[in-house]
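The file target07.cif contains mmCIF, C-alpha atoms:
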```
data_final
loop_
_atom_site.label_atom_id
_atom_site.label_comp_id
_atom_site.auth_asym_id
_atom_site.auth_seq_id
_atom_site.Cartn_x
_atom_site.Cartn_y
_atom_site.Cartn_z
CA MET A 1 115.56 121.64 119.10
CA THR A 2 114.12 121.21 115.62
CA PRO A 3 110.54 121.64 114.29
CA GLY A 4 108.72 118.38 113.61
CA VAL A 5 105.30 117.08 112.62
CA PHE A 6 103.16 113.94 112.54
CA ALA A 7 103.58 112.51 109.04
CA ARG A 8 99.90 111.53 108.99
CA THR A 9 99.02 115.24 108.96
CA TYR A 10 99.60 114.95 105.20
CA ALA A 11 97.35 113.37 102.59
CA ALA A 12 100.39 112.23 100.58
CA LYS A 13 101.78 108.76 101.26
CA TYR A 14 105.08 106.97 100.84
CA PRO A 15 106.21 106.26 98.17
CA GLY A 16 105.58 109.65 96.68
CA ASP A 17 106.13 113.22 97.71
CA LEU A 18 105.21 112.88 101.42
CA PHE A 19 108.67 113.63 102.76
CA ALA A 20 109.37 116.38 100.23
CA ARG A 21 106.13 118.13 101.24
CA ILE A 22 106.96 117.91 104.93
CA ARG A 23 110.42 119.34 104.34
CA ALA A 24 109.13 122.07 102.01
CA ASP A 25 106.70 123.23 104.70
CA GLY A 26 109.62 123.88 107.04
CA PHE A 27 109.81 120.78 109.23
CA SER A 28 113.05 118.90 109.67
CA ALA A 29 111.72 115.92 111.66
CA ALA A 30 108.67 113.68 111.44
CA GLN A 31 106.96 111.18 113.68
CA PHE A 32 106.03 108.38 111.31
CA ASN A 33 103.08 106.01 111.23
CA LEU A 34 103.10 102.91 109.05
CA SER A 35 99.69 103.97 107.74
CA CYS A 36 101.62 106.70 105.88
CA ALA A 37 103.18 103.94 103.79
CA GLY A 38 99.92 102.15 103.05
CA PHE A 39 100.06 99.62 105.87
CA ALA A 40 97.89 99.26 108.95
CA ALA A 41 99.31 101.17 111.92
CA LEU A 42 99.77 97.72 113.51
CA PRO A 43 100.37 95.59 110.41
CA ASP A 44 99.84 91.84 110.18
CA ALA A 45 103.09 91.72 108.20
CA PHE A 46 105.83 94.11 107.15
CA PRO A 47 107.95 93.29 104.09
CA SER A 48 111.65 92.90 104.67
CA GLY A 49 113.59 95.84 103.30
CA MET A 50 110.62 98.22 103.29
CA GLY A 51 111.83 100.03 106.40
CA GLU A 52 115.21 100.68 104.83
CA ARG A 53 113.55 102.12 101.71
CA ILE A 54 111.33 104.44 103.76
CA ALA A 55 114.33 105.65 105.76
CA GLN A 56 116.37 106.28 102.61
CA SER A 57 113.53 108.30 101.10
CA ALA A 58 113.35 110.46 104.22
CA ARG A 59 117.10 111.05 104.18
CA GLU A 60 117.00 112.08 100.52
CA ALA A 61 114.40 114.70 101.44
CA GLY A 62 116.57 116.00 104.29
CA LEU A 63 114.14 114.75 106.91
CA THR A 64 114.80 112.92 110.19
CA LEU A 65 112.33 110.23 111.26
CA CYS A 66 112.34 110.83 115.00
CA ALA A 67 109.74 108.28 116.13
CA LEU A 68 107.43 105.53 114.91
CA SER A 69 103.94 105.07 116.30
CA GLY A 70 103.23 101.71 117.93
CA THR A 71 100.00 102.83 119.57
CA TYR A 72 97.46 100.29 120.75
CA ASN A 73 95.11 100.09 123.72
CA MET A 74 97.39 98.62 126.37
CA ALA A 75 94.62 98.71 128.98
CA TYR A 76 91.92 97.02 126.87
CA PRO A 77 89.90 94.66 129.09
CA ASP A 78 89.89 91.69 126.66
CA PRO A 79 93.22 89.81 126.76
CA ALA A 80 92.50 88.20 123.38
CA GLN A 81 92.36 91.64 121.73
CA ARG A 82 95.57 92.70 123.42
CA GLN A 83 97.22 89.51 122.19
CA ARG A 84 96.19 90.32 118.61
CA ASP A 85 97.55 93.84 118.99
CA ARG A 86 100.82 92.49 120.30
CA ALA A 87 101.47 90.74 116.99
CA GLY A 88 101.05 93.98 115.07
CA PHE A 89 103.14 95.86 117.61
CA GLU A 90 106.00 93.41 117.12
CA ASN A 91 105.92 94.20 113.39
CA VAL A 92 106.12 97.92 114.24
CA MET A 93 109.20 97.23 116.36
CA ARG A 94 110.76 95.27 113.53
CA ALA A 95 109.99 98.12 111.12
CA ALA A 96 111.53 100.68 113.50
CA ARG A 97 114.76 98.71 113.65
CA GLU A 98 114.89 98.52 109.84
CA MET A 99 114.17 102.24 109.56
CA GLY A 100 116.87 103.16 112.05
CA VAL A 101 114.25 104.86 114.24
CA SER A 102 115.17 104.27 117.87
CA LEU A 103 111.92 105.52 119.50
CA VAL A 104 108.55 103.77 119.29
CA THR A 105 105.65 105.67 120.85
CA LEU A 106 102.84 104.07 122.85
CA CYS A 107 99.40 104.77 124.25
CA THR A 108 98.75 103.51 127.77
CA GLY A 109 95.10 103.07 126.85
CA SER A 110 91.71 103.10 128.47
CA ARG A 111 89.24 100.54 129.78
CA ASP A 112 86.76 102.07 127.34
CA THR A 113 86.28 99.39 124.69
CA SER A 114 85.24 101.70 121.85
CA ASN A 115 87.75 104.56 122.16
CA MET A 116 91.26 104.18 123.56
CA TRP A 117 91.49 107.94 124.19
CA ARG A 118 88.28 108.24 126.21
CA ALA A 119 88.35 108.31 130.00
CA HIS A 120 86.69 105.45 131.88
CA PRO A 121 86.03 105.09 135.63
CA ASP A 122 87.99 101.84 135.70
CA ASN A 123 91.16 103.50 134.38
CA ARG A 124 92.16 104.18 137.99
CA SER A 125 91.53 100.58 139.09
CA ASP A 126 94.22 98.16 140.24
CA GLU A 127 93.18 95.84 137.43
CA ALA A 128 93.82 98.49 134.77
CA TRP A 129 97.24 99.23 136.27
CA HIS A 130 98.11 95.53 136.37
CA THR A 131 97.02 95.11 132.74
CA LEU A 132 99.14 98.06 131.62
CA ARG A 133 102.18 96.77 133.47
CA GLY A 134 101.83 93.40 131.79
CA GLU A 135 101.75 95.02 128.35
CA LEU A 136 104.75 97.17 129.19
CA ASP A 137 106.66 94.08 130.33
CA PHE A 138 105.97 92.56 126.91
CA ALA A 139 106.86 95.74 125.05
CA LEU A 140 110.08 96.28 126.98
CA ALA A 141 111.20 92.73 126.26
CA LEU A 142 110.82 93.50 122.57
CA ALA A 143 112.61 96.82 123.01
CA GLU A 144 115.53 94.93 124.50
CA ALA A 145 115.53 92.41 121.67
CA PHE A 146 115.39 95.09 118.95
CA ASP A 147 117.60 97.61 120.83
CA LEU A 148 114.92 100.32 120.84
CA VAL A 149 113.33 102.65 123.39
CA LEU A 150 109.64 103.25 124.13
CA GLY A 151 107.88 106.52 124.86
CA ILE A 152 104.54 106.72 126.68
CA GLU A 153 102.48 109.88 126.57
CA PRO A 154 100.38 111.05 129.52
CA GLU A 155 96.84 111.48 128.15
CA PRO A 156 93.87 112.69 130.21
CA GLY A 157 91.66 109.81 129.04
CA ASN A 158 94.28 107.09 129.60
CA VAL A 159 95.52 105.05 132.54
CA ILE A 160 98.61 107.28 132.62
CA ALA A 161 96.60 110.49 132.78
CA ASP A 162 99.09 112.98 134.19
CA ALA A 163 102.71 113.62 135.13
CA ARG A 164 102.45 112.04 138.58
CA LEU A 165 101.12 108.77 137.20
CA ALA A 166 103.81 108.88 134.51
CA ARG A 167 106.47 109.20 137.18
CA ARG A 168 104.95 106.28 139.08
CA ILE A 169 104.95 103.92 136.07
CA LEU A 170 108.53 104.86 135.19
CA ASP A 171 109.67 104.15 138.74
CA GLU A 172 107.81 100.85 138.93
CA MET A 173 109.03 99.56 135.55
CA GLY A 174 112.60 100.65 136.29
CA SER A 175 113.82 100.45 132.69
CA THR A 176 116.08 102.89 130.88
CA ARG A 177 114.28 101.84 127.70
CA LEU A 178 111.05 103.46 128.89
CA GLY A 179 110.57 107.20 128.80
CA ILE A 180 108.06 109.94 128.19
CA VAL A 181 106.51 111.76 125.25
CA LEU A 182 105.30 115.01 126.80
CA ASP A 183 102.60 117.30 125.44
CA ALA A 184 101.58 120.31 127.51
CA ALA A 185 98.06 120.31 126.02
CA ASN A 186 97.41 116.88 127.51
CA LEU A 187 98.13 118.25 130.96
CA LEU A 188 95.77 121.20 130.59
CA PRO A 189 92.06 120.38 130.35
CA PRO A 190 89.96 123.56 130.58
CA GLU A 191 89.58 123.42 134.35
CA ALA A 192 93.37 123.17 134.80
CA GLN A 193 94.39 125.99 132.46
CA PRO A 194 94.40 128.71 135.15
CA ARG A 195 97.15 126.66 136.87
CA GLN A 196 99.15 126.18 133.67
CA ASN A 197 102.50 127.43 134.96
CA GLU A 198 102.29 125.29 138.09
CA ILE A 199 101.25 122.15 136.20
CA VAL A 200 103.95 122.47 133.54
CA ALA A 201 106.60 123.18 136.18
CA GLU A 202 105.62 120.06 138.10
CA ALA A 203 105.72 117.92 134.93
CA ALA A 204 109.17 119.26 134.08
CA GLU A 205 110.43 118.49 137.58
CA LEU A 206 108.97 114.98 137.66
CA LEU A 207 109.73 113.93 134.08
CA GLY A 208 112.53 116.19 132.85
CA GLY A 209 115.16 113.48 133.08
CA SER A 210 113.01 110.97 131.18
CA LEU A 211 111.92 112.90 128.09
CA PHE A 212 112.31 111.02 124.81
CA LEU A 213 110.14 113.36 122.72
CA VAL A 214 108.19 116.61 123.17
CA HIS A 215 104.95 117.44 121.34
CA ALA A 216 103.57 120.91 120.62
CA LYS A 217 99.82 120.47 120.36
CA ASP A 218 97.64 123.47 121.19
CA ILE A 219 94.08 123.73 122.53
CA ASP A 220 91.69 126.59 123.14
CA ARG A 221 90.08 127.39 126.48
CA HIS A 222 87.32 124.86 125.78
CA GLY A 223 89.81 122.04 125.12
CA THR A 224 89.36 122.04 121.33
CA VAL A 225 92.56 121.33 119.41
CA VAL A 226 93.81 124.24 117.27
CA PRO A 227 97.03 124.87 115.31
CA ALA A 228 100.06 125.60 117.48
CA GLY A 229 100.15 129.22 118.54
CA GLN A 230 96.41 129.81 118.22
CA GLY A 231 95.24 128.41 121.54
CA ALA A 232 95.52 128.67 125.30
CA VAL A 233 98.76 126.70 125.76
CA ASP A 234 101.74 128.94 126.50
CA LEU A 235 104.00 127.04 124.14
CA PRO A 236 106.96 129.45 124.38
CA ALA A 237 107.02 129.00 128.17
CA PHE A 238 106.57 125.22 127.83
CA VAL A 239 109.41 124.90 125.33
CA ALA A 240 111.67 127.08 127.48
CA ARG A 241 110.90 124.81 130.43
CA MET A 242 111.74 121.71 128.38
CA LYS A 243 115.03 123.25 127.29
CA ALA A 244 115.83 124.14 130.91
CA VAL A 245 115.56 120.48 131.94
CA GLY A 246 117.90 119.44 129.13
CA TYR A 247 115.61 118.46 126.25
CA ASP A 248 117.07 119.31 122.85
CA GLY A 249 115.25 117.01 120.43
CA PRO A 250 112.41 117.52 117.95
CA LEU A 251 109.39 119.65 118.85
CA VAL A 252 106.55 117.81 117.11
CA GLY A 253 103.35 119.62 116.17
CA HIS A 254 100.17 117.70 115.36
CA ASN A 255 96.36 117.68 115.14
CA PHE A 256 95.97 120.45 112.58
CA GLU A 257 95.02 120.59 108.91
CA GLU A 258 97.69 120.14 106.26
CA SER A 259 96.96 123.65 105.05
CA ASP A 260 98.07 124.96 108.45
CA ALA A 261 101.40 123.13 108.32
CA PRO A 262 103.64 125.94 106.97
CA GLY A 263 102.35 128.35 109.61
CA VAL A 264 102.88 125.81 112.40
CA ALA A 265 106.42 125.08 111.19
CA SER A 266 107.21 128.80 111.16
CA TYR A 267 105.76 129.27 114.64
CA LEU A 268 107.64 126.33 116.14
CA SER A 269 110.86 127.51 114.49
CA SER A 270 110.43 130.96 116.02
CA ILE A 271 109.93 129.50 119.51
CA ILE A 272 113.03 127.35 119.12
CA GLN A 273 115.10 130.32 117.93
CA ASP A 274 113.91 132.46 120.83
CA CYS A 275 114.95 129.74 123.31
CA ALA A 276 118.40 129.58 121.74
CA ARG A 277 119.09 133.29 122.39
#
```

Before we go any further, please render this structure as C-alpha coordinates.
Amino acid sequence: MTPGVFARTYAAKYPGDLFARIRADGFSAAQFNLSCAGFAALPDAFPSGMGERIAQSAREAGLTLCALSGTYNMAYPDPAQRQRDRAGFENVMRAAREMGVSLVTLCTGSRDTSNMWRAHPDNRSDEAWHTLRGELDFALALAEAFDLVLGIEPEPGNVIADARLARRILDEMGSTRLGIVLDAANLLPPEAQPRQNEIVAEAAELLGGSLFLVHAKDIDRHGTVVPAGQGAVDLPAFVARMKAVGYDGPLVGHNFEESDAPGVASYLSSIIQDCAR
(Lines of atoms letter the chains of each structure in order from A and count residues from 1; the text may use other names and numbers.)
(Lines give C-alpha, C1' and ligand atoms only; values in the text may rest on other atoms or scores of the structure.)
Protein backbone atom coordinates (compact mmCIF):
# COMPACT_ATOMS: atom_id res chain seq x y z
CA MET A 1 0.00 0.00 0.00
CA THR A 2 0.94 3.65 -0.40
CA PRO A 3 -0.27 6.79 1.45
CA GLY A 4 -2.67 8.96 -0.54
CA VAL A 5 -4.87 12.01 -0.16
CA PHE A 6 -7.77 13.88 -1.77
CA ALA A 7 -6.17 16.58 -3.93
CA ARG A 8 -8.92 19.02 -2.94
CA THR A 9 -7.55 18.98 0.61
CA TYR A 10 -5.11 21.59 -0.73
CA ALA A 11 -5.77 25.25 -1.50
CA ALA A 12 -3.28 25.14 -4.39
CA LYS A 13 -4.60 24.32 -7.86
CA TYR A 14 -3.22 22.92 -11.09
CA PRO A 15 -1.31 24.42 -12.82
CA GLY A 16 0.93 25.42 -9.97
CA ASP A 17 2.49 23.71 -7.01
CA LEU A 18 -0.44 21.44 -6.05
CA PHE A 19 1.29 18.17 -6.84
CA ALA A 20 4.63 19.27 -5.40
CA ARG A 21 2.92 20.18 -2.11
CA ILE A 22 1.14 16.84 -1.93
CA ARG A 23 4.37 14.97 -2.56
CA ALA A 24 6.35 17.12 -0.12
CA ASP A 25 3.85 16.33 2.64
CA GLY A 26 4.61 12.63 2.25
CA PHE A 27 1.84 11.31 0.01
CA SER A 28 2.62 9.29 -3.09
CA ALA A 29 -0.92 9.04 -4.51
CA ALA A 30 -3.83 11.42 -4.94
CA GLN A 31 -7.50 11.12 -5.73
CA PHE A 32 -8.11 13.98 -8.14
CA ASN A 33 -11.11 16.22 -8.69
CA LEU A 34 -11.40 18.40 -11.78
CA SER A 35 -12.20 21.32 -9.47
CA CYS A 36 -8.50 21.16 -8.53
CA ALA A 37 -7.71 22.27 -12.08
CA GLY A 38 -10.21 25.12 -12.13
CA PHE A 39 -13.10 23.25 -13.73
CA ALA A 40 -16.45 22.24 -12.31
CA ALA A 41 -16.35 18.76 -10.76
CA LEU A 42 -18.78 17.79 -13.55
CA PRO A 43 -17.67 20.18 -16.30
CA ASP A 44 -19.78 21.28 -19.26
CA ALA A 45 -16.65 20.86 -21.39
CA PHE A 46 -13.11 19.62 -20.95
CA PRO A 47 -10.40 20.84 -23.35
CA SER A 48 -8.65 18.20 -25.37
CA GLY A 49 -5.13 17.60 -24.14
CA MET A 50 -5.74 19.04 -20.67
CA GLY A 51 -5.90 15.60 -19.08
CA GLU A 52 -2.53 14.66 -20.54
CA ARG A 53 -0.98 17.87 -19.17
CA ILE A 54 -2.38 17.25 -15.69
CA ALA A 55 -1.08 13.68 -15.72
CA GLN A 56 2.37 14.78 -16.87
CA SER A 57 2.55 17.36 -14.09
CA ALA A 58 1.70 14.69 -11.51
CA ARG A 59 4.35 12.35 -12.88
CA GLU A 60 6.99 15.09 -12.74
CA ALA A 61 6.18 15.54 -9.05
CA GLY A 62 6.51 11.79 -8.42
CA LEU A 63 2.80 11.44 -7.71
CA THR A 64 0.32 8.79 -8.88
CA LEU A 65 -3.23 9.88 -9.70
CA CYS A 66 -5.13 6.88 -8.39
CA ALA A 67 -8.72 7.99 -9.02
CA LEU A 68 -10.84 10.79 -10.46
CA SER A 69 -14.07 11.91 -8.83
CA GLY A 70 -17.20 11.61 -10.95
CA THR A 71 -19.60 12.13 -8.07
CA TYR A 72 -23.18 13.17 -8.70
CA ASN A 73 -26.50 12.32 -7.07
CA MET A 74 -27.41 9.11 -8.88
CA ALA A 75 -30.63 8.76 -6.87
CA TYR A 76 -31.92 12.31 -7.41
CA PRO A 77 -35.70 12.19 -7.93
CA ASP A 78 -35.80 14.57 -10.94
CA PRO A 79 -34.76 12.76 -14.15
CA ALA A 80 -34.03 16.09 -15.88
CA GLN A 81 -31.37 16.90 -13.26
CA ARG A 82 -29.84 13.46 -13.60
CA GLN A 83 -29.73 13.92 -17.36
CA ARG A 84 -27.82 17.20 -16.93
CA ASP A 85 -25.40 15.52 -14.56
CA ARG A 86 -24.84 12.72 -17.04
CA ALA A 87 -23.37 15.18 -19.53
CA GLY A 88 -20.83 16.40 -17.00
CA PHE A 89 -20.08 12.85 -15.91
CA GLU A 90 -19.27 11.89 -19.49
CA ASN A 91 -16.70 14.70 -19.58
CA VAL A 92 -15.17 13.32 -16.37
CA MET A 93 -14.87 9.92 -18.01
CA ARG A 94 -13.23 11.48 -21.05
CA ALA A 95 -10.82 13.36 -18.78
CA ALA A 96 -9.96 10.17 -16.87
CA ARG A 97 -9.05 8.40 -20.09
CA GLU A 98 -6.81 11.31 -21.13
CA MET A 99 -5.18 11.36 -17.71
CA GLY A 100 -4.51 7.64 -17.73
CA VAL A 101 -6.56 7.26 -14.53
CA SER A 102 -8.45 3.98 -14.71
CA LEU A 103 -10.78 4.49 -11.71
CA VAL A 104 -13.65 6.99 -11.56
CA THR A 105 -15.39 7.24 -8.19
CA LEU A 106 -19.15 7.66 -7.72
CA CYS A 107 -21.75 8.55 -5.13
CA THR A 108 -24.89 6.41 -5.13
CA GLY A 109 -26.83 9.42 -3.89
CA SER A 110 -29.88 10.22 -1.84
CA ARG A 111 -33.51 11.12 -2.49
CA ASP A 112 -32.80 14.28 -0.50
CA THR A 113 -32.91 17.06 -3.09
CA SER A 114 -30.70 19.53 -1.24
CA ASN A 115 -27.85 17.30 0.00
CA MET A 116 -26.70 14.14 -1.75
CA TRP A 117 -24.99 12.91 1.43
CA ARG A 118 -28.02 13.24 3.70
CA ALA A 119 -30.19 10.24 4.53
CA HIS A 120 -33.80 10.25 3.35
CA PRO A 121 -36.62 7.81 4.17
CA ASP A 122 -37.11 7.08 0.48
CA ASN A 123 -33.51 5.90 0.03
CA ARG A 124 -34.68 2.38 0.89
CA SER A 125 -37.57 2.48 -1.61
CA ASP A 126 -37.83 0.34 -4.73
CA GLU A 127 -38.00 3.53 -6.77
CA ALA A 128 -34.67 4.79 -5.43
CA TRP A 129 -33.06 1.42 -6.17
CA HIS A 130 -34.48 1.41 -9.69
CA THR A 131 -33.22 4.95 -10.29
CA LEU A 132 -29.73 4.06 -9.09
CA ARG A 133 -29.60 0.97 -11.28
CA GLY A 134 -30.55 3.04 -14.31
CA GLU A 135 -27.74 5.49 -13.63
CA LEU A 136 -25.26 2.67 -13.13
CA ASP A 137 -26.35 1.12 -16.43
CA PHE A 138 -25.53 4.43 -18.10
CA ALA A 139 -22.24 4.83 -16.26
CA LEU A 140 -21.10 1.28 -16.98
CA ALA A 141 -21.81 1.72 -20.68
CA LEU A 142 -19.46 4.71 -20.63
CA ALA A 143 -16.91 2.73 -18.63
CA GLU A 144 -16.95 0.10 -21.34
CA ALA A 145 -16.57 2.71 -24.07
CA PHE A 146 -13.67 4.47 -22.33
CA ASP A 147 -12.11 1.27 -20.89
CA LEU A 148 -12.39 2.46 -17.28
CA VAL A 149 -13.69 1.07 -13.99
CA LEU A 150 -16.11 2.65 -11.50
CA GLY A 151 -15.95 2.63 -7.71
CA ILE A 152 -19.00 3.22 -5.52
CA GLU A 153 -18.58 4.06 -1.85
CA PRO A 154 -21.04 2.85 0.80
CA GLU A 155 -22.20 6.00 2.61
CA PRO A 156 -24.64 6.02 5.55
CA GLY A 157 -26.80 8.73 3.96
CA ASN A 158 -26.91 7.14 0.50
CA VAL A 159 -28.92 4.42 -1.21
CA ILE A 160 -25.91 2.12 -0.84
CA ALA A 161 -25.61 2.71 2.89
CA ASP A 162 -23.61 -0.30 4.06
CA ALA A 163 -21.59 -3.33 3.02
CA ARG A 164 -24.61 -5.60 2.55
CA LEU A 165 -26.30 -3.20 0.15
CA ALA A 166 -22.98 -2.76 -1.66
CA ARG A 167 -22.75 -6.51 -2.14
CA ARG A 168 -26.32 -6.59 -3.43
CA ILE A 169 -25.75 -3.88 -6.07
CA LEU A 170 -22.52 -5.53 -7.23
CA ASP A 171 -24.28 -8.86 -7.64
CA GLU A 172 -27.24 -7.35 -9.46
CA MET A 173 -25.15 -5.26 -11.87
CA GLY A 174 -22.82 -8.19 -12.56
CA SER A 175 -20.03 -6.10 -14.10
CA THR A 176 -16.30 -6.47 -13.55
CA ARG A 177 -16.07 -2.73 -14.22
CA LEU A 178 -17.95 -1.94 -11.01
CA GLY A 179 -16.26 -2.18 -7.63
CA ILE A 180 -16.06 -0.62 -4.21
CA VAL A 181 -14.34 2.32 -2.55
CA LEU A 182 -14.34 1.34 1.12
CA ASP A 183 -14.03 3.67 4.09
CA ALA A 184 -14.34 2.20 7.58
CA ALA A 185 -15.64 5.50 9.01
CA ASN A 186 -18.69 5.29 6.75
CA LEU A 187 -19.58 1.95 8.29
CA LEU A 188 -19.31 3.21 11.86
CA PRO A 189 -21.90 5.78 12.95
CA PRO A 190 -21.70 6.38 16.72
CA GLU A 191 -24.24 3.70 17.59
CA ALA A 192 -22.28 1.08 15.61
CA GLN A 193 -18.82 1.83 16.97
CA PRO A 194 -19.00 -0.71 19.84
CA ARG A 195 -19.37 -3.39 17.13
CA GLN A 196 -16.48 -2.04 15.05
CA ASN A 197 -14.53 -5.29 14.72
CA GLU A 198 -17.61 -7.25 13.69
CA ILE A 199 -18.75 -4.65 11.15
CA VAL A 200 -15.33 -4.28 9.51
CA ALA A 201 -14.89 -8.06 9.37
CA GLU A 202 -18.24 -8.45 7.63
CA ALA A 203 -17.40 -5.71 5.11
CA ALA A 204 -14.07 -7.36 4.35
CA GLU A 205 -15.76 -10.72 3.82
CA LEU A 206 -18.51 -9.33 1.61
CA LEU A 207 -16.46 -6.85 -0.42
CA GLY A 208 -12.83 -7.95 -0.16
CA GLY A 209 -12.73 -9.31 -3.69
CA SER A 210 -14.23 -6.12 -5.15
CA LEU A 211 -12.08 -3.36 -3.65
CA PHE A 212 -10.86 -0.75 -6.13
CA LEU A 213 -9.77 1.81 -3.53
CA VAL A 214 -9.57 2.14 0.27
CA HIS A 215 -10.07 5.40 2.18
CA ALA A 216 -8.72 6.24 5.63
CA LYS A 217 -11.12 8.81 7.06
CA ASP A 218 -11.42 9.00 10.84
CA ILE A 219 -14.29 10.09 13.10
CA ASP A 220 -14.66 10.62 16.83
CA ARG A 221 -17.22 8.87 19.01
CA HIS A 222 -19.82 11.50 18.09
CA GLY A 223 -19.34 10.95 14.35
CA THR A 224 -17.38 14.17 13.76
CA VAL A 225 -14.61 13.82 11.17
CA VAL A 226 -11.08 14.26 12.54
CA PRO A 227 -7.60 13.71 11.06
CA ALA A 228 -6.63 10.07 10.65
CA GLY A 229 -5.33 8.61 13.88
CA GLN A 230 -7.17 11.05 16.16
CA GLY A 231 -10.58 9.40 16.27
CA ALA A 232 -12.49 6.27 17.15
CA VAL A 233 -11.77 4.25 13.98
CA ASP A 234 -9.21 1.50 14.56
CA LEU A 235 -7.39 2.27 11.34
CA PRO A 236 -4.45 -0.11 11.96
CA ALA A 237 -6.89 -3.02 12.36
CA PHE A 238 -8.91 -1.88 9.32
CA VAL A 239 -5.84 -1.62 7.11
CA ALA A 240 -4.58 -5.01 8.29
CA ARG A 241 -7.98 -6.46 7.39
CA MET A 242 -7.84 -4.89 3.93
CA LYS A 243 -4.36 -6.30 3.36
CA ALA A 244 -5.55 -9.74 4.49
CA VAL A 245 -8.21 -9.78 1.77
CA GLY A 246 -5.63 -8.85 -0.87
CA TYR A 247 -5.85 -5.07 -1.18
CA ASP A 248 -2.48 -3.45 -1.91
CA GLY A 249 -3.36 -0.10 -3.46
CA PRO A 250 -3.39 3.47 -2.16
CA LEU A 251 -4.70 4.28 1.31
CA VAL A 252 -6.38 7.65 0.79
CA GLY A 253 -6.88 10.04 3.70
CA HIS A 254 -9.36 12.92 3.48
CA ASN A 255 -11.60 15.41 5.30
CA PHE A 256 -8.90 17.19 7.28
CA GLU A 257 -7.24 20.59 7.08
CA GLU A 258 -4.25 21.10 4.82
CA SER A 259 -2.18 21.93 7.88
CA ASP A 260 -2.84 18.40 9.16
CA ALA A 261 -1.63 16.76 5.95
CA PRO A 262 2.00 16.00 6.92
CA GLY A 263 0.87 14.35 10.15
CA VAL A 264 -1.75 12.26 8.34
CA ALA A 265 0.78 11.17 5.73
CA SER A 266 3.20 10.11 8.46
CA TYR A 267 0.48 8.22 10.32
CA LEU A 268 -0.75 6.37 7.23
CA SER A 269 2.83 5.50 6.28
CA SER A 270 3.43 4.03 9.72
CA ILE A 271 0.30 1.85 9.49
CA ILE A 272 1.35 0.61 6.06
CA GLN A 273 4.87 -0.20 7.29
CA ASP A 274 3.51 -2.07 10.30
CA CYS A 275 1.28 -4.20 8.03
CA ALA A 276 4.28 -5.05 5.85
CA ARG A 277 6.23 -6.57 8.78

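With all atoms listed in the file as the atoms that count, the minimum distance from Phe146 in chain A to the choices A:Val225, A:Met50, A:Cys66, A:Leu103 is reached by A:Leu103.
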
Next item on the list: Could you give me, as number ranges by chain, the residues within 9 Å of Met93 in chain A, counting all atoms listed in the file and dropping anything in the same chain fewer than 3 positions from it?
Entry: A: 68, 70, 88-90, 96-98, 104, 142-143, 146, 148

Checklist line | Residue IDs satisfying the PyMOL selection byres ((chain A and resi 214) around 7), as a PyMOL selection string | finding: chain A and resi 181-183+213+215-216+250-252

Could you write those residues out with C-alpha atoms, as a PDB file, in the frame of the given file?
```pdb
ATOM      1  CA  VAL A 181     106.510 111.760 125.250  1.00  0.00           C
ATOM      2  CA  LEU A 182     105.300 115.010 126.800  1.00  0.00           C
ATOM      3  CA  ASP A 183     102.600 117.300 125.440  1.00  0.00           C
ATOM      4  CA  LEU A 213     110.140 113.360 122.720  1.00  0.00           C
ATOM      5  CA  HIS A 215     104.950 117.440 121.340  1.00  0.00           C
ATOM      6  CA  ALA A 216     103.570 120.910 120.620  1.00  0.00           C
ATOM      7  CA  PRO A 250     112.410 117.520 117.950  1.00  0.00           C
ATOM      8  CA  LEU A 251     109.390 119.650 118.850  1.00  0.00           C
ATOM      9  CA  VAL A 252     106.550 117.810 117.110  1.00  0.00           C
TER      10      VAL A 252
END
```

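Note that the spacing between CA of Trp129 in chain A and CA of Thr113 in chain A amounts to 15.9 Å.
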
Note to self: Ranking A:Gln83, A:Thr108, A:Ser102, A:Ser270 by minimum distance to Glu144 in chain A and counting only C-alpha atoms, which one comes first?
What the structure shows: A:Ser102

Checklist line | Residues near Ala192 in chain A, cut-off 12 Å, all atoms listed in the file, skip fewer than 2 positions along chain, as a PyMOL selection string | finding: chain A and resi 156+162+184-190+194-200+221-223+232-233

Taking the file above as input, evaluate the PyMOL selection byres ((chain A and resi 151) around 8) and report the hits as a PDB file with C-alpha atoms, keeping the file's coordinate frame.
```
ATOM      1  CA  LEU A 103     111.920 105.520 119.500  1.00  0.00           C
ATOM      2  CA  VAL A 104     108.550 103.770 119.290  1.00  0.00           C
ATOM      3  CA  THR A 105     105.650 105.670 120.850  1.00  0.00           C
ATOM      4  CA  LEU A 106     102.840 104.070 122.850  1.00  0.00           C
ATOM      5  CA  VAL A 149     113.330 102.650 123.390  1.00  0.00           C
ATOM      6  CA  LEU A 150     109.640 103.250 124.130  1.00  0.00           C
ATOM      7  CA  ILE A 152     104.540 106.720 126.680  1.00  0.00           C
ATOM      8  CA  GLU A 153     102.480 109.880 126.570  1.00  0.00           C
ATOM      9  CA  LEU A 178     111.050 103.460 128.890  1.00  0.00           C
ATOM     10  CA  GLY A 179     110.570 107.200 128.800  1.00  0.00           C
ATOM     11  CA  ILE A 180     108.060 109.940 128.190  1.00  0.00           C
ATOM     12  CA  VAL A 181     106.510 111.760 125.250  1.00  0.00           C
ATOM     13  CA  PHE A 212     112.310 111.020 124.810  1.00  0.00           C
ATOM     14  CA  LEU A 213     110.140 113.360 122.720  1.00  0.00           C
TER      15      LEU A 213
END
```

Next item on the list: To verify the selection step, state as a PyMOL selection string which residues the PyMOL selection byres ((chain A and resi 247) around 12) yields on this input.
Entry: chain A and resi 1-2+180-182+204+207-215+238-246+248-251+272+275

Notebook entry, point to check: In terms of the shortest atom-to-atom distance over only C-alpha atoms, which of A:Gly157, A:Gly109, A:Gly38, A:Gly49 is closest to Ala12 in chain A?
Noted result: A:Gly38

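Minimum distance to Pro3 in chain A across A:Phe19, A:Phe27, A:Phe32, A:Phe39 (counting only C-alpha atoms) occurs at A:Phe27.
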
Checklist line | Residue contacts of Ala37 in chain A (10 Å, all atoms listed in the file) excluding same-chain residues fewer than 4 positions away, as a PyMOL selection string | finding: chain A and resi 8+12-16+18+32-33+41+50-51+54

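Using all atoms listed in the file, the smallest distance between any of A:Ala80, A:Ile160, A:Ala30, A:Ala201 and Ala58 in chain A comes from A:Ala30.
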
Next item on the list: Determine, counting only C-alpha atoms, every residue of protein, DNA or RNA that lies within 10 Å of (96.5, 130.7, 117.2) in the file coordinates, then give the result as a PyMOL selection string.
Entry: chain A and resi 218-220+226-233+263-264+267

Next item on the list: Just give me the gap between CA of Thr71 in chain A and CA of Cys107 in chain A in Å, one decimal is fine.
Entry: 5.1 Å

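Nearest residue to Asp85 in chain A, choosing from A:Arg23, A:Gly100, A:Arg111, A:Ala139 and counting all atoms listed in the file: A:Ala139.
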
Margin query: Can you measure CA of Arg53 in chain A to CA of Leu140 in chain A for me? One decimal in Å is fine.
Written below: 26.2 Å

Next item on the list: For Ala61 in chain A, please output as a PyMOL selection string all residues within 10 Å (counting all atoms listed in the file; exclusion window: fewer than 4 positions along the same chain).
Entry: chain A and resi 17-24+28+56-57
